[in-house]
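S.K.: Pasting a structure here, questions to come.
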Amino acid sequence: MLGTTVGLATLIIVGVAFLILGIARIGRRRQSVEDYTISRNHAPTNVGIATLVASMFGTWVLMSPGETGANFGIVALIGYALGMAGIPVMFMFVGPRIRELMPNGHSVTEYVRHRFGAAPFISIAVVIIFVMGIFIAAEMTAITTAVTILTGTPALATALGVGVVVVIYTAYGGLRASIFTDTIQFWVLMPALLLIVIVAAVLIGDSGAWSNAGATGLLAFNSGGSYYFGIVLIIGIVASNAFHPGMWQRVYTVKDQQALNRSLWTAAAISIPITFLMGVAGIAAVANGSVAPFQYPEVAAALFALGSDIFPIWMHFLMLICALMLAMSTLDTLMNGLASNVASDLADTHISTEGNALMWTARIVTVLVAIPAIFVAAQGFSVLYVFLIADLLGAAIAVPMLIGLYSRRMPGWGVLLAGGVGIVVGALYYPMPDLLSPWALTTPFGTQMFFAFASALVVSSVISVVVILLRQPAQDYNFARLRQEVELIEG
């Protein structure tokens, strides 16, 4: 362990560095609301790649994949990696479509309001705030857990330190500050994570953990539970990120369609090895005897438990730096994405169209979302379990919402019906925090999470298809309305 003094000093140094970088990027230049929220068509391919990858991966990548590997094995880990790659793959389809239909758009809720009406707009806006709140809380939980394990620093101190720094430069600088810090974090983090993986592989081999891994059963490809959980992760990760305002922002921020496609393809290619290799550390931790499966909270930090047994002190310090940078790169995207979403919604609904009012509203929302997340993070819940709650909502609502991009016959009430029934059915199967015991409806052992996600996805999809088939052609939506009605934000 590095010690609390080292932990606090590192937190302060890294925090101040990115605070200065984020604020200095904007300086005293006045930003319009449009620039603050979207910064439209300015990022070239290399910046698009950097900001997408940095936004997708937070401190959770040092924990959640390892927890998956330690609990469910290599097949589930493959599912996790494919699920992460599925995020940019999904936006390869919906990104060009939304840019075509809404060239002046800003957010997913803006699309929902114009395409489906007020009731779906309010419902999905609430879901997005809830999902983003969970994402922020999960990321804060991950960084507080990581810093506590590595240094002994109290969780609340870490949450406050990271939260305050990110809120200040994100609220001040908006999307441009977030993208600038993302780019720096990407080029520092990729070599650092690669170094951790290489050194860890050598040290794990020297400890004899690789030779013991087969005996754990976590490398087996004949485990039904591992396949089930892998499918859960693919469904949940892709679906929940359909509501990620930061990803929708970057669809419009990247310079053009070619740059967007290249950025998304590269982000997908990078995400698979990062997720998989971080998760293999969880399997190695079990093989080394550092953790035991399903023993919380230890298994949630399998990589760090393994590190405390075999890593030299300099690797602990490198992991601390990576954890802090990963946290900031993800948190600024989440906070700015949510704040920008609210600002564009207010402008779109004409509740307030005055530039300064919208800017200050966006900044206040950033602070309001961060406050509960900081205190939730101090409780130390399983990061994986917290993420899965948001993923279940996504699994139930994503298909009804996105199908409206392609089908003229999908009505707003159909989105509410399909999504609502999907959530209820999925929740009945959802397990307790141990990921094993059922909450309401029982299933074969180890399949509760699979039944929850599969039923939410299938039920909502089937209802969506039925609604479309029964819809009268005379009631078809005219997609040209999106281009005509959605305008740039003034101010």
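Ligands are numbered from 1 in the order shown, residues from 1 within each chain, and chains are lettered A, B, ... in the order they appear in the structure tokens.
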Would you mind listing what lies within 7 Å of region 66-79 of chain A as a ChimeraX atom specification, with only C-alpha atoms counted and same-chain residues fewer than 4 positions away left out?

M.R.: /A:62,83,218-219,221,226-227,229-231,233-234,276,278-283,286,293-294,299-303

S.K.: Which region 201-286 of chain A residues have any atom within 9 Å of an atom of region 28-49 of chain A, and for each, what is the nearest pair of atoms with distance in Å to one decimal, counting only C-alpha atoms, rows sorted by chain and number, as JSON lines?

M.R.:
{"residue": "A:Gln249", "atom": "CA", "partner": "A:Ile38", "partner_atom": "CA", "distance": 5.7}
{"residue": "A:Arg250", "atom": "CA", "partner": "A:Gly48", "partner_atom": "CA", "distance": 7.6}
{"residue": "A:Val251", "atom": "CA", "partner": "A:Asn41", "partner_atom": "CA", "distance": 8.9}
{"residue": "A:Tyr252", "atom": "CA", "partner": "A:Arg40", "partner_atom": "CA", "distance": 5.5}
{"residue": "A:Thr253", "atom": "CA", "partner": "A:Arg40", "partner_atom": "CA", "distance": 4.4}
{"residue": "A:Val254", "atom": "CA", "partner": "A:Ala43", "partner_atom": "CA", "distance": 4.5}
{"residue": "A:Lys255", "atom": "CA", "partner": "A:Asn41", "partner_atom": "CA", "distance": 3.9}
{"residue": "A:Asp256", "atom": "CA", "partner": "A:Asn41", "partner_atom": "CA", "distance": 6.2}
{"residue": "A:Gln258", "atom": "CA", "partner": "A:Thr45", "partner_atom": "CA", "distance": 8.3}
{"residue": "A:Ala259", "atom": "CA", "partner": "A:Thr45", "partner_atom": "CA", "distance": 4.7}
{"residue": "A:Leu260", "atom": "CA", "partner": "A:Thr45", "partner_atom": "CA", "distance": 6.9}
{"residue": "A:Asn261", "atom": "CA", "partner": "A:Thr45", "partner_atom": "CA", "distance": 8.7}
{"residue": "A:Arg262", "atom": "CA", "partner": "A:Thr45", "partner_atom": "CA", "distance": 6.5}
{"residue": "A:Ser263", "atom": "CA", "partner": "A:Ile49", "partner_atom": "CA", "distance": 4.5}
{"residue": "A:Leu264", "atom": "CA", "partner": "A:Ile49", "partner_atom": "CA", "distance": 7.0}
{"residue": "A:Trp265", "atom": "CA", "partner": "A:Ile49", "partner_atom": "CA", "distance": 8.8}
{"residue": "A:Thr266", "atom": "CA", "partner": "A:Ile49", "partner_atom": "CA", "distance": 6.5}
{"residue": "A:Ala267", "atom": "CA", "partner": "A:Ile49", "partner_atom": "CA", "distance": 5.9}

S.K.: Between A:Phe180, A:Phe479, A:Phe135, A:Tyr406, single out the one closest to His244 (chain A), counting only C-alpha atoms.

M.R.: A:Phe135

S.K.: Output as a tab-separated table one row per residue of region 118-208 of chain A within 7 Å of region 382-405 of chain A: the closest atom pair and its distance in Å to one decimal place, counting only C-alpha atoms, sorted by chain and residue number ascending.

M.R.:
residue	atom	partner	partner_atom	distance
A:Val131	CA	A:Ala390	CA	5.1
A:Ile134	CA	A:Ala390	CA	6.5
A:Phe135	CA	A:Phe387	CA	6.6
A:Ala138	CA	A:Val383	CA	5.3
A:Thr141	CA	A:Val383	CA	6.6
A:Ala142	CA	A:Val383	CA	6.3

S.K.: Quick one: residues within 10 Å of Phe317 (chain A), only C-alpha atoms counted, chain neighbours fewer than 6 positions away excluded, as a PyMOL selection string?

M.R.: chain A and resi 1-2+6-7+10+150-151+323

S.K.: Select, from A:Gly236, A:Gly307, A:Gly22, A:Gly208, the residue with the minimum atom-to-atom distance to Ala456 (chain A), counting only C-alpha atoms.

M.R.: A:Gly236

S.K.: Would you please extract all alpha helix (DSSP H) residues from region 390-460 of chain A, as assigned by DSSP on the backbone, and give them as a VMD selection string?

M.R.: chain A and resid 390 to 402 412 to 429 448 to 460

S.K.: What lies within 10 Å of Ser464 (chain A) using only C-alpha atoms, ignoring chain neighbours under 4 positions off, as a list in words?

M.R.: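 The neighbour list is Val399, Pro400, Met401, Ile403, Gly404, Arg409, Met410, Pro411, Gly414, Val415, Leu416, Leu417, Ala418, Gly419, Val458, Val459, Ser460, Ile468 and Leu469 of chain A.
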